[in-house]
Protein chains: 2
Amino acid sequence: MSKDAITKDFEAAVGADNVMTSETDRHAYSYDAAVLDSVMPALVVRPTTSEALGKATKLCNDNGLPLTVRGAGTNLSGGTIPHPGGVVVLTNGLNRILEINEEDMYAVVEPGVVTAKFAAEVAKRGLFYPPDPGSQTVSTLGGNVAENAGGLRGLKYGVTKDYVMGMDFWDVNGELVKSGSRTVKCVTGYNLAGLMVASEGTLGVFDKIILKLIPPAQSAKSMMAIFPSMKAASETVAAIIANKIVPATLEMMDNFTIRTVENFRGAGLPVDAAALLLIEVDGHPAQVADEAAKVEDLCRKNGATELKVAKDAAERDAVWQARRDALPALAKLKPTCVLEDATVPRSKIPAMIEALDEISKKFDLTIGTFGHAGDGNLHPTILTDKRDKKEWERVEHAIDEIFDRALALGGTLSGEHGIGMAKSKYLEQETSRATLEYSRRMKSVLDPKGILNPGKIIGPKSEG
Amino acid sequence: MSKDAITKDFEAAVGADNVMTSETDRHAYSYDAAVLDSVMPALVVRPTTSEALGKATKLCNDNGLPLTVRGAGTNLSGGTIPHPGGVVVLTNGLNRILEINEEDMYAVVEPGVVTAKFAAEVAKRGLFYPPDPGSQTVSTLGGNVAENAGGLRGLKYGVTKDYVMGMDFWDVNGELVKSGSRTVKCVTGYNLAGLMVASEGTLGVFDKIILKLIPPAQSAKSMMAIFPSMKAASETVAAIIANKIVPATLEMMDNFTIRTVENFRGAGLPVDAAALLLIEVDGHPAQVADEAAKVEDLCRKNGATELKVAKDAAERDAVWQARRDALPALAKLKPTCVLEDATVPRSKIPAMIEALDEISKKFDLTIGTFGHAGDGNLHPTILTDKRDKKEWERVEHAIDEIFDRALALGGTLSGEHGIGMAKSKYLEQETSRATLEYSRRMKSVLDPKGILNPGKIIGPKSEG
């Protein structure tokens, strides 16, 4: 079929206003938040109904057109970078919260609903949706599920995967597949909803997602602890967990990040501190009081020089805003900002901190380190300029070594950013050849033409 | 290859002592706990090492022999009934707890570890493994994962799925596939460990499972509330949830079950009560006190005529033993005991209780009802005699209607017992034709000869 004829078919499927072909539009959807080259799609379509989404999927498959679903494009591993000549399917026209069921504590949403907006709607009904990825103010729930997004609350509340009760998705033929339920327990058929989580748009196109909600904690207490070294801070993290306290959040920042964040907003962070822990405990008020006292004690025993407890909601919000500023603040310093998310078992955080320090010296690179220390998920952030070829080569070696060290400590390549295009070459190192082959066989039969977000997770098709 | 030659190959793979061919041995593994006809396997093998398990898998595939993995055979949907002429692979020789990591709160186990034994070992280390299916004293963790077993604590603590962090499994070619990690967060590759959950041995053979552990609750309080009707009891369940109290367990029993359990053990249950709720709240002592008071208040407001709080561990254990007696006690009454697990959203429990009452009258059947009311997962138990063909016909119609009503209430066919052979014919009714086709395509490429537990979940191969 000619390109014009195909465009007409898409116009018929999703509405003429919802098909974009101009260079400007296509350029806008040619990249995401990963440090990777942009790729121009042939077409951008914006379905506004479930049926249109199914039709667009079928049209792509019928015409052998690579299809990349895109929420907010905040992906950090290239998962939303389109394939050359492919179609970008936007989900921002599918942004309805279809149901919030307070009695049974679940919600049904379309994939394009913005995470923070959803969490706020849920909070209005007296319920709680915990997953809070860094990009939550713009990221979409569909994108969160496709990447199994984490966030600051993983330690106590788990990640997106733990909140997906069920899903309807379009298979590559444009037929609707249903998995999971509105019930707390469901073992009806294969756990396809579970398989969709973290599948990065390569096995189906999400239509509706059923998300679990929980009652919110009755109270919370946020603290900031200042340490004379990253070692002391990281050992405190291990000590808190070893004492069977599970804070809602347990975040770490090194001095470089502290100074950068302070420059960015001037929130009053202690710029001389070698390391900070930001800690929130939540639950029943008596439990919060007990746990906060224990945490304070453990911080002091492990060398904290100062401890500040947020007195009210405003102070509490300031603490968490500072943490959320870390990435945008670091990203402003240099033209290229590589945000990694190698993750280790929690007790290995001190060893990983040491490894990052060694790697930064060995390759003469600026690495700011912050992240979700409580669940072993650090974000070493390399500040560089990709145009400086010599330095970029050192960056690439440093990334390899970060992965090597994380794996040697029993960790994983990616805690929450996904494999996408950026890490598919490392996948076999962590898993096995058979794992890749199993994955590729599965993909080959569920998407025989290889049109669903090609090149992501398992690498280019030719390798299969 | 001749049968003798194949037997020799299995003997070489798993050891001569671990291959059973006698009729007695084969008969012992020809059935499980489901009300279905037994099927004689050709061979029973018992690998005692990971390598032997992989070799046995490959041998089955190479020779086109249907392979059914069997833990304790407590399956209630026929998932461990072998295929005619097939091989039963026992996991009771693979029963080592390989690691319990207290610092990072996970364990690594072989599939044949008995659930309750594992939970006890974990408890000795000051940690908690919540999933507690009814058969936990004999069931295996591999079986629990294959079925996504639930239990009494699903409401607050989730089910087996929520504790699987990762898994190594043998693919049908005898190659080792690895998915997941020892880290709290992991998005490396497809969520194959999640796909294995509830896959009933049809997509791979579990080698090692990484399970999440959590800190135990500091305290708990168990209560028994007596109600003048099932309606009052079920409305209390809905009221507790609506008040955002999430008990660790919230179980219900009807009068028929109460009387049967009391006859069985004489635990001192109130035999005149129309309905009982057994409730346990746990957590920080102050939270437990608050929640127990609220639960008590809600019970009284909804018509509870009596409320007993367990004074000590012995009284508490007696309460839960009575609940765990329900199935064995009912099963003794008649030759055939059909235990269903249709599940509805929690707020629909009163409607489902009414539906079960109507169905029991309509088909003139004895249905005892008990179960995990707090998560909408009831166990209507039909007592009958399969040899009475006329009554059995009514039983089959009643089962159909139980499913119809559960689905009409937004529920699911199976909360925790699996689809197996017993419910595969209903699968399309809850999902869609495309869901079955998607599942069958996946199965066809991951197990091209169809040797992995054929006939389970998606039905016989010929339908594919």
# chains A, B, ... in the order shown; residues from 1 in each chain; ligands from 1

$ select_by_dssp --residues "range 138-353 of chain A" --states "strand (DSSP E or B)" --output "ChimeraX atom specification"
/A:140,164-170,176-180,205-212,214,219-227,249-254,275-283,306-309,336-339,343

$ residues_around --residues "Gly303 in chain A" --least-positions-apart "5" --cutoff "8 Å" --atoms "only C-alpha atoms" --output "list in words"
Phe227, Pro228 and Ala232 of chain A

$ select_by_dssp --residues "range 56-160 of chain A" --states "helix (DSSP H, G or I)" --output "list in words"
Ala56, Thr57, Lys58, Leu59, Cys60, Asn61, Asp62, Thr115, Ala116, Lys117, Phe118, Ala119, Ala120, Glu121, Val122, Ala123, Lys124, Leu141, Gly142, Gly143, Asn144, Val145, Ala146, Glu147, Gly154, Leu155, Lys156, Tyr157 and Thr160 of chain A

$ residues_around --residues "range 65-80 of chain A" --least-positions-apart "6" --cutoff "7 Å" --atoms "only C-alpha atoms" --output "PyMOL selection string"
chain A and resi 32-34+36+86-92+112+135+138-140+142-143+200-201+417-422+451-454+456

$ write_last_selection --atoms "C-alpha atoms" --output "PDB file, in the first residue's frame"
ATOM      1  CA  ASP A  32      12.924  10.056  24.954  1.00  0.00           C
ATOM      2  CA  ALA A  33      14.863  10.756  28.159  1.00  0.00           C
ATOM      3  CA  ALA A  34      17.628   8.215  27.441  1.00  0.00           C
ATOM      4  CA  LEU A  36      20.511   7.711  22.717  1.00  0.00           C
ATOM      5  CA  GLY A  86       7.585   3.302  12.224  1.00  0.00           C
ATOM      6  CA  VAL A  87       4.433   4.604  13.849  1.00  0.00           C
ATOM      7  CA  VAL A  88       4.319   6.302  17.247  1.00  0.00           C
ATOM      8  CA  VAL A  89       1.023   5.649  19.025  1.00  0.00           C
ATOM      9  CA  LEU A  90       0.367   8.343  21.628  1.00  0.00           C
ATOM     10  CA  THR A  91      -1.731   7.483  24.670  1.00  0.00           C
ATOM     11  CA  ASN A  92      -2.507  11.039  25.761  1.00  0.00           C
ATOM     12  CA  GLY A 112      -2.563   7.603  29.237  1.00  0.00           C
ATOM     13  CA  SER A 135       8.730  11.471  36.606  1.00  0.00           C
ATOM     14  CA  VAL A 138       4.155  13.812  33.756  1.00  0.00           C
ATOM     15  CA  SER A 139       4.620  10.049  33.382  1.00  0.00           C
ATOM     16  CA  THR A 140       1.620   7.875  32.484  1.00  0.00           C
ATOM     17  CA  GLY A 142       0.641   2.821  30.935  1.00  0.00           C
ATOM     18  CA  GLY A 143       4.301   3.777  30.735  1.00  0.00           C
ATOM     19  CA  GLU A 200       8.087  -2.326  27.210  1.00  0.00           C
ATOM     20  CA  GLY A 201       5.378  -2.441  24.576  1.00  0.00           C
ATOM     21  CA  HIS A 417      14.547   2.097  34.327  1.00  0.00           C
ATOM     22  CA  GLY A 418      14.071  -0.867  32.036  1.00  0.00           C
ATOM     23  CA  ILE A 419      16.315  -2.561  29.510  1.00  0.00           C
ATOM     24  CA  GLY A 420      15.018  -0.800  26.401  1.00  0.00           C
ATOM     25  CA  MET A 421      17.724  -0.309  23.804  1.00  0.00           C
ATOM     26  CA  ALA A 422      20.339   0.948  26.242  1.00  0.00           C
ATOM     27  CA  ILE A 451       6.310  -4.858  14.740  1.00  0.00           C
ATOM     28  CA  LEU A 452       5.732  -4.295  18.469  1.00  0.00           C
ATOM     29  CA  ASN A 453       8.442  -1.865  19.609  1.00  0.00           C
ATOM     30  CA  PRO A 454      11.236  -3.716  17.795  1.00  0.00           C
ATOM     31  CA  LYS A 456      13.712  -3.321  22.827  1.00  0.00           C
TER      32      LYS A 456
END

$ closest_residue --among "A:Lys308, A:His397, A:Arg96, A:Lys443" --to "Ser360 in chain A" --atoms "only C-alpha atoms"
A:His397

$ closest_residue --among "B:Glu110, B:Glu235, B:Asp357, B:Glu315" --to "Lys208 in chain B" --atoms "only C-alpha atoms"
B:Glu110

$ closest_residue --among "A:Leu327, A:Ile367, A:Cys337, A:Ala286" --to "chain B" --atoms "only C-alpha atoms"
A:Ala286

$ residues_around --residues "Ile214 in chain A" --least-positions-apart "2" --cutoff "9 Å" --atoms "only C-alpha atoms" --output "compact mmCIF listing (two decimals) with C-alpha atoms, in the first residue's frame"
# COMPACT_ATOMS: atom_id res chain seq x y z
CA MET A 105 -10.11 -0.68 46.65
CA TYR A 106 -9.19 -0.83 42.99
CA LEU A 127 -7.20 5.80 49.31
CA PHE A 128 -3.54 5.48 48.34
CA TYR A 129 -1.68 4.50 45.16
CA PRO A 130 1.95 4.16 46.28
CA LYS A 212 -4.86 -2.09 43.36
CA PRO A 216 -3.25 5.37 53.34
CA LYS B 244 -10.29 0.77 55.81

$ residues_around --residues "Ala233 in chain B" --least-positions-apart "6" --cutoff "7 Å" --atoms "only C-alpha atoms" --output "list of chain:residue names"
B:Phe227, B:Ala275, B:Leu276, B:Leu277

$ write_last_selection --atoms "N, CA, C and O atoms" --output "PDB file, in the first residue's frame"
ATOM      1  N   PHE B 227     -22.912 -14.628  64.586  1.00  0.00           N
ATOM      2  CA  PHE B 227     -23.973 -13.852  63.944  1.00  0.00           C
ATOM      3  C   PHE B 227     -25.252 -14.664  63.777  1.00  0.00           C
ATOM      4  O   PHE B 227     -25.193 -15.885  63.614  1.00  0.00           O
ATOM      5  N   ALA B 275     -23.843 -18.165  61.739  1.00  0.00           N
ATOM      6  CA  ALA B 275     -22.606 -17.807  61.025  1.00  0.00           C
ATOM      7  C   ALA B 275     -21.558 -17.345  62.017  1.00  0.00           C
ATOM      8  O   ALA B 275     -21.876 -16.773  63.064  1.00  0.00           O
ATOM      9  N   LEU B 276     -20.322 -17.585  61.655  1.00  0.00           N
ATOM     10  CA  LEU B 276     -19.168 -17.152  62.456  1.00  0.00           C
ATOM     11  C   LEU B 276     -18.245 -16.302  61.592  1.00  0.00           C
ATOM     12  O   LEU B 276     -18.062 -16.589  60.411  1.00  0.00           O
ATOM     13  N   LEU B 277     -17.645 -15.298  62.213  1.00  0.00           N
ATOM     14  CA  LEU B 277     -16.481 -14.667  61.591  1.00  0.00           C
ATOM     15  C   LEU B 277     -15.288 -14.924  62.504  1.00  0.00           C
ATOM     16  O   LEU B 277     -15.393 -14.776  63.733  1.00  0.00           O
TER      17      LEU B 277
END

$ closest_residue --among "B:Ser22, B:Ser219, B:Gln321, B:Gln287" --to "Glu262 in chain B" --atoms "only C-alpha atoms"
B:Gln321

$ closest_residue --among "B:Lys425, B:Lys389, B:Lys3, B:Arg441" --to "chain A" --atoms "only C-alpha atoms"
B:Arg441

$ closest_residue --among "A:Ala220, A:Lys334, A:Ser50, A:Glu102" --to "Arg387 in chain A" --atoms "only C-alpha atoms"
A:Lys334

$ residues_around --residues "Leu155 in chain A" --least-positions-apart "4" --cutoff "7 Å" --atoms "only C-alpha atoms" --output "list in words"
Val246, Ala248, Thr249, Gly374 and Asp375 of chain A

$ write_last_selection --atoms "N, CA, C and O atoms" --output "mmCIF file, in the first residue's frame"
data_model
loop_
_atom_site.group_PDB
_atom_site.id
_atom_site.type_symbol
_atom_site.label_atom_id
_atom_site.label_comp_id
_atom_site.auth_asym_id
_atom_site.auth_seq_id
_atom_site.Cartn_x
_atom_site.Cartn_y
_atom_site.Cartn_z
ATOM 1 N N VAL A 246 11.025 -1.010 58.395
ATOM 2 C CA VAL A 246 10.833 -0.806 56.957
ATOM 3 C C VAL A 246 10.248 0.591 56.749
ATOM 4 O O VAL A 246 9.048 0.787 56.791
ATOM 5 N N ALA A 248 8.949 3.973 54.875
ATOM 6 C CA ALA A 248 8.234 4.180 53.614
ATOM 7 C C ALA A 248 9.218 4.648 52.541
ATOM 8 O O ALA A 248 9.110 4.271 51.375
ATOM 9 N N THR A 249 10.173 5.475 52.952
ATOM 10 C CA THR A 249 11.229 5.916 52.030
ATOM 11 C C THR A 249 12.531 6.028 52.801
ATOM 12 O O THR A 249 12.533 6.357 53.985
ATOM 13 N N GLY A 374 17.340 2.472 50.430
ATOM 14 C CA GLY A 374 16.598 1.476 51.200
ATOM 15 C C GLY A 374 16.250 0.233 50.422
ATOM 16 O O GLY A 374 16.083 -0.837 50.998
ATOM 17 N N ASP A 375 16.105 0.331 49.116
ATOM 18 C CA ASP A 375 15.896 -0.900 48.370
ATOM 19 C C ASP A 375 17.066 -1.233 47.446
ATOM 20 O O ASP A 375 16.895 -1.946 46.469
#

$ residues_around --residues "range 291-299 of chain A" --least-positions-apart "4" --cutoff "8 Å" --atoms "only C-alpha atoms" --output "list in words"
Lys221, Ala225, Thr236, Ala239, Ile240, Ile245, Val281, Gln287, Gly303, Ala304 and Leu307 of chain A
